[in-house]
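K.L.:
See start_26.cif below, with mmCIF, C-alpha atoms and all ligand atoms.
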data_coords
#
loop_
_atom_site.label_atom_id
_atom_site.label_comp_id
_atom_site.auth_asym_id
_atom_site.auth_seq_id
_atom_site.Cartn_x
_atom_site.Cartn_y
_atom_site.Cartn_z
CA MET A 11 -0.59 24.90 12.29
CA ILE A 12 1.54 26.13 15.20
CA VAL A 13 4.49 28.48 14.63
CA VAL A 14 6.98 28.13 17.48
CA MET A 15 9.15 31.24 17.90
CA ASN A 16 12.62 30.82 19.40
CA ALA A 17 13.28 32.09 22.93
CA ALA A 18 15.20 35.14 21.63
CA ALA A 19 12.56 36.21 19.08
CA THR A 20 11.76 39.94 19.24
CA PRO A 21 8.19 41.34 19.32
CA GLN A 22 8.86 42.71 15.80
CA GLN A 23 9.68 39.20 14.52
CA VAL A 24 6.48 37.85 16.10
CA GLN A 25 4.48 40.66 14.49
CA ALA A 26 6.11 39.98 11.11
CA VAL A 27 4.83 36.36 11.21
CA VAL A 28 1.34 37.49 12.22
CA ASP A 29 1.27 40.14 9.44
CA ARG A 30 2.44 37.65 6.84
CA MET A 31 -0.19 35.06 7.82
CA ARG A 32 -2.97 37.66 7.75
CA LEU A 33 -1.76 38.99 4.41
CA LEU A 34 -2.09 35.45 3.02
CA GLY A 35 -5.66 35.24 4.34
CA HIS A 36 -5.07 33.11 7.43
CA SER A 37 -6.00 33.96 11.00
CA ALA A 38 -3.13 34.11 13.49
CA GLN A 39 -3.37 34.14 17.26
CA VAL A 40 -0.37 34.92 19.47
CA ILE A 41 -0.02 32.81 22.61
CA GLN A 42 2.53 34.03 25.18
CA GLY A 43 4.14 31.10 27.06
CA ALA A 44 6.54 31.23 30.05
CA THR A 45 9.68 31.36 27.92
CA ARG A 46 8.52 31.80 24.35
CA VAL A 47 5.72 32.75 22.03
CA VAL A 48 3.75 30.40 19.79
CA ILE A 49 1.38 31.51 17.04
CA ALA A 50 -1.68 29.42 16.20
CA VAL A 51 -2.42 29.75 12.48
CA SER A 52 -5.79 28.67 11.05
CA PRO A 53 -5.65 28.37 7.29
CA ASN A 54 -8.65 30.08 5.71
CA ARG A 55 -7.42 29.89 2.14
CA GLY A 56 -5.13 27.10 0.89
CA ALA A 57 -2.38 25.81 3.14
CA PRO A 58 0.17 28.17 4.70
CA VAL A 59 3.61 27.47 3.27
CA ARG A 60 5.57 25.80 6.02
CA GLU A 61 8.96 26.12 4.31
CA SER A 62 8.70 29.88 3.84
CA LEU A 63 7.60 30.34 7.46
CA LEU A 64 10.65 28.39 8.62
CA MET A 65 12.83 30.93 6.82
CA MET A 66 11.47 33.93 8.75
CA PRO A 67 13.72 35.42 11.46
CA GLY A 68 12.84 34.24 14.97
CA VAL A 69 10.92 31.12 13.83
CA GLU A 70 12.16 27.91 15.42
CA ASP A 71 9.68 25.35 14.13
CA VAL A 72 6.33 25.00 12.39
CA LEU A 73 4.11 22.13 13.51
CA ARG A 74 1.27 20.71 11.50
CA ILE A 75 -1.89 19.77 13.40
CA THR A 76 -3.81 18.13 10.54
CA PRO A 77 -1.81 15.67 8.41
CA GLU A 78 -1.13 16.59 4.80
CA TYR A 79 -2.79 13.36 3.66
CA LYS A 80 -6.18 14.84 4.39
CA LEU A 81 -8.35 12.24 2.60
CA VAL A 82 -6.35 9.23 3.77
CA THR A 83 -6.32 10.27 7.43
CA ARG A 84 -8.61 8.64 9.92
CA GLN A 85 -9.65 12.15 10.95
CA ALA A 86 -11.45 12.39 7.57
CA GLN A 87 -13.29 9.10 8.06
CA PRO A 88 -13.37 7.35 11.44
CA GLU A 89 -14.87 4.07 10.10
CA PRO A 90 -12.46 1.70 8.34
CA SER A 91 -12.93 1.51 4.55
CA SER A 92 -13.95 -1.72 2.89
CA TYR A 93 -14.55 -2.54 -0.77
CA ALA A 94 -16.63 -5.29 -2.40
CA ILE A 95 -14.50 -7.02 -5.06
CA ALA A 96 -15.18 -10.12 -7.17
CA GLY A 97 -17.59 -11.80 -4.77
CA THR A 98 -15.48 -11.03 -1.71
CA CYS A 99 -14.32 -7.87 0.01
CA ILE A 100 -11.25 -6.17 1.39
CA GLY A 101 -11.77 -4.75 4.88
CA GLY A 102 -13.90 -6.35 7.58
CA GLY A 103 -11.96 -9.63 7.73
CA CYS A 104 -8.69 -11.10 6.50
CA THR A 105 -8.84 -11.55 2.71
CA ILE A 106 -6.49 -14.06 1.11
CA ILE A 107 -4.96 -13.20 -2.27
CA ALA A 108 -2.76 -15.98 -3.62
CA GLY A 109 -1.10 -17.12 -6.81
CA PRO A 110 2.19 -17.18 -8.69
CA CYS A 111 4.62 -14.30 -8.90
CA SER A 112 4.25 -14.21 -12.71
CA VAL A 113 1.78 -15.41 -15.29
CA GLU A 114 3.71 -18.24 -16.99
CA ASN A 115 1.23 -20.26 -19.02
CA GLU A 116 -2.49 -20.70 -19.28
CA SER A 117 -2.76 -24.22 -17.91
CA ALA A 118 -0.77 -23.54 -14.71
CA LEU A 119 -2.75 -20.34 -14.14
CA PHE A 120 -6.03 -22.14 -14.66
CA GLU A 121 -4.96 -24.99 -12.35
CA THR A 122 -3.99 -22.48 -9.64
CA ALA A 123 -7.29 -20.60 -9.98
CA GLN A 124 -9.28 -23.84 -9.65
CA PHE A 125 -7.25 -24.89 -6.64
CA MET A 126 -7.82 -21.53 -4.92
CA LEU A 127 -11.54 -21.36 -5.69
CA ALA A 128 -12.07 -24.88 -4.34
CA ARG A 129 -10.72 -23.64 -1.01
CA GLY A 130 -12.72 -20.42 -0.95
CA VAL A 131 -9.95 -18.06 -2.08
CA ARG A 132 -11.58 -15.59 -4.47
CA LEU A 133 -8.62 -13.45 -5.55
CA LEU A 134 -5.76 -14.68 -7.74
CA ARG A 135 -2.49 -12.75 -7.94
CA ALA A 136 -0.10 -13.04 -10.93
CA GLY A 137 2.01 -10.46 -12.74
CA ALA A 138 1.97 -10.08 -16.52
CA TYR A 139 4.27 -7.04 -16.35
CA LYS A 140 7.16 -7.73 -14.00
CA PRO A 141 9.45 -5.03 -12.58
CA ARG A 142 12.66 -7.06 -12.22
CA THR A 143 15.85 -5.82 -10.58
CA SER A 144 17.96 -7.23 -13.42
CA PRO A 145 17.17 -6.51 -17.08
CA TYR A 146 18.27 -10.09 -17.84
CA SER A 147 15.64 -11.73 -15.59
CA PHE A 148 12.27 -12.90 -16.93
CA GLN A 149 10.29 -9.71 -17.57
CA GLY A 150 6.80 -11.23 -17.70
CA LEU A 151 4.59 -12.14 -20.66
CA GLY A 152 3.13 -8.64 -21.00
CA GLU A 153 0.01 -8.47 -23.16
CA ARG A 154 -0.02 -12.24 -23.70
CA GLY A 155 -0.07 -12.63 -19.92
CA LEU A 156 -2.96 -10.20 -19.64
CA GLU A 157 -4.91 -12.23 -22.17
CA MET A 158 -4.38 -15.37 -20.10
CA LEU A 159 -5.54 -13.56 -16.97
CA GLY A 160 -8.64 -12.39 -18.83
CA LYS A 161 -9.45 -15.94 -19.94
CA VAL A 162 -9.01 -17.43 -16.48
CA ARG A 163 -11.19 -14.70 -15.01
CA GLU A 164 -13.89 -15.29 -17.58
CA ARG A 165 -13.86 -19.06 -17.27
CA THR A 166 -13.66 -19.36 -13.47
CA GLY A 167 -15.02 -16.06 -12.11
CA ILE A 168 -11.95 -15.60 -9.89
CA GLY A 169 -10.90 -12.00 -9.19
CA ILE A 170 -7.56 -10.90 -10.66
CA VAL A 171 -4.85 -8.89 -8.89
CA THR A 172 -2.09 -7.85 -11.27
CA GLU A 173 0.58 -5.19 -11.50
CA VAL A 174 0.50 -2.05 -13.62
CA LEU A 175 3.93 -0.58 -14.34
CA ASP A 176 3.15 2.72 -16.04
CA ALA A 177 0.35 5.19 -16.73
CA ASP A 178 0.06 4.21 -20.43
CA SER A 179 -0.80 0.60 -19.72
CA VAL A 180 -3.54 1.35 -17.15
CA PRO A 181 -6.44 0.85 -19.65
CA ARG A 182 -5.04 -2.53 -20.82
CA VAL A 183 -4.51 -3.80 -17.27
CA GLU A 184 -7.83 -2.40 -16.05
CA ALA A 185 -9.64 -4.47 -18.68
CA VAL A 186 -8.70 -7.74 -16.96
CA ALA A 187 -7.90 -6.76 -13.36
CA ASP A 188 -10.19 -6.52 -10.36
CA ILE A 189 -7.39 -4.90 -8.35
CA LEU A 190 -4.51 -2.92 -9.87
CA GLN A 191 -1.23 -3.54 -8.07
CA VAL A 192 1.42 -0.83 -7.75
CA GLY A 193 4.75 -2.42 -6.86
CA THR A 194 7.26 -1.26 -4.29
CA ARG A 195 9.50 0.27 -6.98
CA ASN A 196 6.64 2.41 -8.23
CA MET A 197 5.20 3.72 -4.97
CA GLN A 198 6.49 7.17 -5.80
CA ASN A 199 5.76 7.09 -9.54
CA TYR A 200 3.54 10.15 -9.32
CA PRO A 201 2.28 10.18 -12.95
CA LEU A 202 1.15 6.55 -12.44
CA LEU A 203 -0.52 7.38 -9.10
CA ARG A 204 -2.30 10.37 -10.67
CA ARG A 205 -3.54 8.20 -13.53
CA LEU A 206 -4.84 5.61 -11.06
CA GLY A 207 -6.74 8.39 -9.32
CA HIS A 208 -9.03 8.34 -12.38
CA SER A 209 -9.51 4.58 -12.40
CA ARG A 210 -12.67 2.90 -11.13
CA LYS A 211 -10.72 -0.17 -10.02
CA PRO A 212 -9.30 -0.59 -6.49
CA VAL A 213 -5.55 -0.04 -6.23
CA LEU A 214 -3.23 -2.18 -4.11
CA LEU A 215 -0.41 0.18 -3.19
CA LYS A 216 2.72 -1.57 -1.98
CA ARG A 217 4.97 0.27 0.44
CA GLY A 218 8.17 1.54 -1.17
CA MET A 219 11.10 -0.49 0.13
CA ALA A 220 12.58 2.62 1.76
CA ALA A 221 9.40 4.60 2.36
CA THR A 222 8.32 6.12 5.65
CA VAL A 223 4.70 5.77 6.68
CA GLU A 224 4.12 9.44 5.82
CA GLU A 225 5.54 9.03 2.28
CA TRP A 226 3.39 5.94 1.79
CA LEU A 227 0.21 7.66 2.98
CA LEU A 228 0.98 10.68 0.80
CA ALA A 229 1.38 8.33 -2.19
CA ALA A 230 -2.11 6.95 -1.37
CA GLU A 231 -3.35 10.56 -1.13
CA TYR A 232 -2.35 11.08 -4.81
CA ILE A 233 -4.83 8.35 -5.78
CA LEU A 234 -7.64 9.45 -3.45
CA SER A 235 -7.26 13.09 -4.43
CA GLY A 236 -7.85 12.11 -8.08
CA GLY A 237 -11.25 10.67 -7.12
CA ASN A 238 -10.46 6.98 -6.64
CA ARG A 239 -11.19 6.24 -2.98
CA GLN A 240 -10.49 2.48 -3.20
CA VAL A 241 -6.90 2.09 -2.07
CA ILE A 242 -5.51 -0.93 -0.24
CA LEU A 243 -2.12 -0.51 1.44
CA CYS A 244 0.30 -3.45 1.33
CA GLU A 245 3.32 -3.89 3.61
CA ARG A 246 5.92 -5.98 1.71
CA GLY A 247 9.08 -5.46 3.73
CA ILE A 248 11.58 -2.64 3.87
CA ARG A 249 15.36 -2.22 3.67
CA THR A 250 17.12 -2.21 7.04
CA ILE A 251 20.52 -3.30 8.42
CA ALA A 252 19.11 -6.82 8.83
CA ASP A 253 20.37 -9.17 6.12
CA HIS A 254 18.99 -12.50 7.34
CA ALA A 255 15.94 -12.24 5.07
CA ARG A 256 15.17 -10.58 1.73
CA SER A 257 13.51 -7.64 3.53
CA THR A 258 12.42 -6.68 7.02
CA LEU A 259 8.70 -7.31 7.17
CA ASP A 260 7.47 -4.39 9.25
CA LEU A 261 4.43 -5.80 11.02
CA SER A 262 4.53 -2.99 13.56
CA VAL A 263 3.20 -0.77 10.81
CA ILE A 264 -0.23 -2.48 10.95
CA PRO A 265 -1.52 -0.86 14.17
CA VAL A 266 0.17 2.39 13.15
CA ILE A 267 -1.70 2.50 9.83
CA LYS A 268 -4.93 1.62 11.59
CA ARG A 269 -4.45 4.56 13.94
CA LEU A 270 -3.53 7.01 11.18
CA SER A 271 -5.79 5.94 8.31
CA HIS A 272 -9.12 4.38 7.41
CA LEU A 273 -7.58 2.46 4.48
CA PRO A 274 -7.26 -1.32 4.73
CA ILE A 275 -3.77 -2.73 5.14
CA ILE A 276 -2.70 -6.15 3.88
CA VAL A 277 0.65 -7.92 4.23
CA ASP A 278 2.88 -9.71 1.70
CA PRO A 279 5.11 -12.10 3.65
CA SER A 280 6.44 -13.67 0.40
CA HIS A 281 8.41 -10.60 -0.72
CA GLY A 282 8.78 -9.59 2.92
CA THR A 283 10.85 -12.65 3.81
CA GLY A 284 12.01 -14.04 0.44
CA ARG A 285 11.89 -17.66 1.59
CA ALA A 286 8.98 -20.11 1.50
CA GLU A 287 9.61 -21.57 4.96
CA TYR A 288 9.35 -18.12 6.59
CA VAL A 289 6.06 -17.30 4.90
CA PRO A 290 3.55 -19.31 7.04
CA PRO A 291 4.71 -17.97 10.45
CA MET A 292 4.69 -14.40 9.16
CA CYS A 293 1.22 -14.87 7.65
CA ARG A 294 -0.05 -15.98 11.06
CA ALA A 295 1.74 -13.08 12.77
CA ALA A 296 0.19 -10.60 10.31
CA LEU A 297 -3.29 -12.06 10.89
CA ALA A 298 -2.78 -11.81 14.66
CA ALA A 299 -1.57 -8.21 14.30
CA GLY A 300 -4.81 -7.22 12.56
CA ALA A 301 -3.95 -7.31 8.84
CA ASP A 302 -6.98 -6.96 6.56
CA GLY A 303 -5.51 -9.45 4.13
CA LEU A 304 -2.53 -11.49 2.97
CA LEU A 305 -0.84 -11.55 -0.44
CA ILE A 306 0.86 -14.91 -0.82
CA GLU A 307 2.92 -16.34 -3.68
CA VAL A 308 1.81 -19.89 -4.51
CA HIS A 309 3.06 -21.93 -7.47
CA PRO A 310 2.18 -25.48 -8.59
CA ASP A 311 5.90 -26.24 -9.06
CA PRO A 312 8.06 -23.63 -7.26
CA VAL A 313 11.38 -25.23 -8.30
CA ASN A 314 10.57 -24.47 -11.93
CA ALA A 315 8.94 -21.06 -11.41
CA LEU A 316 10.17 -18.33 -13.77
CA SER A 317 10.33 -15.82 -10.89
CA ASP A 318 10.39 -15.91 -7.09
CA GLY A 319 10.16 -19.73 -6.82
CA GLN A 320 12.29 -19.66 -3.63
CA GLN A 321 9.59 -17.76 -1.78
CA SER A 322 6.57 -19.49 -3.32
CA LEU A 323 4.53 -22.10 -1.47
CA ASP A 324 3.50 -25.24 -3.32
CA PHE A 325 -0.15 -26.31 -3.12
CA ALA A 326 0.40 -28.65 -0.15
CA ALA A 327 2.21 -25.97 1.87
CA PHE A 328 -0.53 -23.46 1.04
CA GLU A 329 -3.18 -25.94 2.14
CA ASP A 330 -1.46 -26.40 5.53
CA LEU A 331 -1.07 -22.67 5.94
CA TYR A 332 -4.67 -22.01 4.99
CA SER A 333 -6.04 -24.43 7.57
CA SER A 334 -3.79 -22.98 10.28
CA LEU A 335 -5.03 -19.50 9.36
CA GLN A 336 -8.62 -20.70 9.67
CA ARG A 337 -7.96 -22.03 13.17
CA LEU A 338 -6.17 -18.88 14.25
CA ALA A 339 -8.87 -16.65 12.79
CA GLU A 340 -11.49 -18.54 14.76
CA ALA A 341 -9.61 -17.93 18.00
CA LEU A 342 -9.21 -14.25 17.09
CA HIS A 343 -12.87 -13.87 16.03
CA VAL A 344 -11.74 -12.71 12.58
CA ARG A 345 -13.30 -13.89 9.32
CA ILE A 346 -11.05 -15.33 6.61
CA LEU A 347 -12.38 -13.99 3.32
C1 LIG A 401 5.20 -8.89 -6.79
O1 LIG A 401 4.20 -8.79 -6.06
O2 LIG A 401 5.39 -9.84 -7.54
C2 LIG A 401 6.23 -7.84 -6.72
C3 LIG A 401 7.03 -7.58 -7.75
O3 LIG A 401 6.29 -7.25 -5.52
P1 LIG A 401 7.13 -5.99 -4.97
O4 LIG A 401 6.72 -4.83 -5.78
O5 LIG A 401 6.69 -5.92 -3.54
O6 LIG A 401 8.59 -6.35 -5.09
MN MN A 402 7.23 -11.92 -6.85
#
Once more with this new file: its structure as structure tokens, please.
P.N.:
Amino acid sequence: MIVVMNAAATPQQVQAVVDRMRLLGHSAQVIQGATRVVIAVSPNRGAPVRESLLMMPGVEDVLRITPEYKLVTRQAQPEPSSYAIAGTCIGGGCTIIAGPCSVENESALFETAQFMLARGVRLLRAGAYKPRTSPYSFQGLGERGLEMLGKVRERTGIGIVTEVLDADSVPRVEAVADILQVGTRNMQNYPLLRRLGHSRKPVLLKRGMAATVEEWLLAAEYILSGGNRQVILCERGIRTIADHARSTLDLSVIPVIKRLSHLPIIVDPSHGTGRAEYVPPMCRAALAAGADGLLIEVHPDPVNALSDGQQSLDFAAFEDLYSSLQRLAEALHVRIL
């Protein structure tokens, strides 16, 4: 950590910072520049409190050298993380996760799972618990939906990705899920993140719709710091001034995350654009930008879907998209998983 003193700081103010740091058990080295002094602080015990340093007379700024997300940072692990899940893996290729927004009924879910498996897609998404903006919208089938997911998993062997809304329901969702999804509205639900830190299942952590990269990585740090190292980040669009699509899908975040963290990052162009016709081009763009996976809403009959039909691909559209992704992946020397 570097404490930058302002140009008018007195030698007494500099000494006061040094004394305080040493009192707290840190080492502090004064560096005299041409116009001002900076103090390099090496934490020996705990982290020095940045906010209280900023309040000391003569202090202009306090700069962190190591990020606060110390397990999530690439500095902690230079190799990218990858996890084996349900006969496939996340990390090391581009993994397709597809399925309806919500679990609606057993036969449609089963039909979708069969369709996906026949094409080599090994992970099925579908929400039993749905966090809806309006309390009057379809809220998901809850436990009944979980049961259906469990049956489809058992009968077909497909891996299940489904959302968990609160800490109390983690054990129920864990029983049927291969990946636990945390939705955009819950990215900063800290009790939930802490609870997921004790889970043995990988967590798909969606970016909050107004979250900075640092807030998102710190949310992931909550899970890793609890002992669960299997976190997958998911960009799903953010709120900006743009109103031509449901969200602004921030693909520029992919190389940024890869520079800052070892965690895999996947992209959800369905919620990111909100419209089925925009989904295929943004899937291809995400693949080209280096995404480790894609989360795509697919429904056998989007017009009659109980949620997010407008952004869901039907089977034929998914099939076209999937073959275009295969061709693009070949050109990019990336494996579709
Ligand atoms: C979903 O994946 O169905 C969902 C609710 O997504 P988000 O949390 O990104 O809105
Ligand atoms: Mn949805």
K.L.:
Enumerate as number ranges by chain the residues within 10 Å of ligand MN 402 (chain A), counting only C-alpha atoms and all ligand atoms.
P.N.:
A: 109-112, 135-137, 140-142, 193, 278, 280-281, 284, 306-308, 316-322
K.L.:
What's the separation between CA of Gly218 (chain A) and CA of Met197 (chain A), in Å to one decimal place?
P.N.:
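We find that CA of Gly218 (chain A) and CA of Met197 (chain A) lie 5.3 Å from each other.
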K.L.:
In Å to one decimal, how far is CA of Ile275 (chain A) from CA of Leu243 (chain A)?
P.N.:
4.6 Å
K.L.:
Excluding region 178-180 of chain A and residues on its chain fewer than 5 positions from it, collect all residues at most 12 Å away from it, counting all atoms listed in the file, and give them as a CSV table (one decimal) with C-alpha atoms, in the coordinates of the input.
P.N.:
chain,number,residue,atom,x,y,z
A,138,ALA,CA,2.0,-10.1,-16.5
A,139,TYR,CA,4.3,-7.0,-16.4
A,152,GLY,CA,3.1,-8.6,-21.0
A,153,GLU,CA,0.0,-8.5,-23.2
A,156,LEU,CA,-3.0,-10.2,-19.6
A,172,THR,CA,-2.1,-7.8,-11.3
A,173,GLU,CA,0.6,-5.2,-11.5
A,185,ALA,CA,-9.6,-4.5,-18.7
A,186,VAL,CA,-8.7,-7.7,-17.0
A,187,ALA,CA,-7.9,-6.8,-13.4
A,189,ILE,CA,-7.4,-4.9,-8.4
A,190,LEU,CA,-4.5,-2.9,-9.9
A,191,GLN,CA,-1.2,-3.5,-8.1
A,192,VAL,CA,1.4,-0.8,-7.8
A,201,PRO,CA,2.3,10.2,-13.0
A,202,LEU,CA,1.2,6.6,-12.4
A,203,LEU,CA,-0.5,7.4,-9.1
A,204,ARG,CA,-2.3,10.4,-10.7
A,205,ARG,CA,-3.5,8.2,-13.5
A,206,LEU,CA,-4.8,5.6,-11.1
A,207,GLY,CA,-6.7,8.4,-9.3
A,208,HIS,CA,-9.0,8.3,-12.4
A,209,SER,CA,-9.5,4.6,-12.4
A,210,ARG,CA,-12.7,2.9,-11.1
A,211,LYS,CA,-10.7,-0.2,-10.0
A,213,VAL,CA,-5.6,0.0,-6.2
K.L.:
What gap, in Å, lies between CA of Pro67 (chain A) and CA of Gln25 (chain A)?
P.N.:
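Atom-to-atom, CA of Pro67 (chain A) to CA of Gln25 (chain A), that is 11.0 Å.
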K.L.:
Rank A:Met11, A:Leu261, A:Leu33, A:Ile100 by their smallest atom-to-atom distance to Arg345 (chain A), using only C-alpha atoms, and report the top residue only.
P.N.:
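For Arg345 (chain A), the nearest of the candidates is A:Ile100.
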K.L.:
Restricting the calculation to only C-alpha atoms and all ligand atoms, which member of A:Thr222, A:Gln240, A:Gln336, A:Thr194 is positioned closest to ligand LIG 401 (chain A)?
P.N.:
A:Thr194
K.L.:
For Gln124 (chain A), please output as a count of residues only all residues within 12 Å (counting only C-alpha atoms; exclusion window: fewer than 3 positions along the same chain).
P.N.:
24
K.L.:
Find the residues around Leu228 (chain A) up to 10 Å (only C-alpha atoms counted), leave out those fewer than 5 positions away in its own chain, and share them as a CSV table (one decimal) with C-alpha atoms, keeping the file's coordinate frame.
P.N.:
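The resulting file, around33.csv, is shown below:
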chain,number,residue,atom,x,y,z
A,77,PRO,CA,-1.8,15.7,8.4
A,78,GLU,CA,-1.1,16.6,4.8
A,79,TYR,CA,-2.8,13.4,3.7
A,80,LYS,CA,-6.2,14.8,4.4
A,81,LEU,CA,-8.4,12.2,2.6
A,82,VAL,CA,-6.4,9.2,3.8
A,83,THR,CA,-6.3,10.3,7.4
A,197,MET,CA,5.2,3.7,-5.0
A,198,GLN,CA,6.5,7.2,-5.8
A,222,THR,CA,8.3,6.1,5.6
A,223,VAL,CA,4.7,5.8,6.7
A,233,ILE,CA,-4.8,8.4,-5.8
A,234,LEU,CA,-7.6,9.4,-3.4
K.L.:
Counting only C-alpha atoms and all ligand atoms, which residue out of A:Gly102, A:Pro291, A:Pro279, A:Gly35 sits closest to ligand LIG 401 (chain A)?
P.N.:
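Of A:Gly102, A:Pro291, A:Pro279, A:Gly35, the one nearest ligand LIG 401 (chain A), counting only C-alpha atoms and all ligand atoms, is A:Pro279.
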K.L.:
Neighbouring residues of Val266 (chain A) were defined as those with any atom within 12 Å, considering all atoms listed in the file; residues of the same chain fewer than 5 positions away were excluded. Please report them as a CSV table (one decimal) with C-alpha atoms, in the frame of the given file.
P.N.:
chain,number,residue,atom,x,y,z
A,83,THR,CA,-6.3,10.3,7.4
A,84,ARG,CA,-8.6,8.6,9.9
A,222,THR,CA,8.3,6.1,5.6
A,223,VAL,CA,4.7,5.8,6.7
A,224,GLU,CA,4.1,9.4,5.8
A,227,LEU,CA,0.2,7.7,3.0
A,245,GLU,CA,3.3,-3.9,3.6
A,260,ASP,CA,7.5,-4.4,9.2
A,261,LEU,CA,4.4,-5.8,11.0
A,271,SER,CA,-5.8,5.9,8.3
A,272,HIS,CA,-9.1,4.4,7.4
A,273,LEU,CA,-7.6,2.5,4.5
A,274,PRO,CA,-7.3,-1.3,4.7
A,275,ILE,CA,-3.8,-2.7,5.1
A,299,ALA,CA,-1.6,-8.2,14.3
A,300,GLY,CA,-4.8,-7.2,12.6
A,301,ALA,CA,-4.0,-7.3,8.8
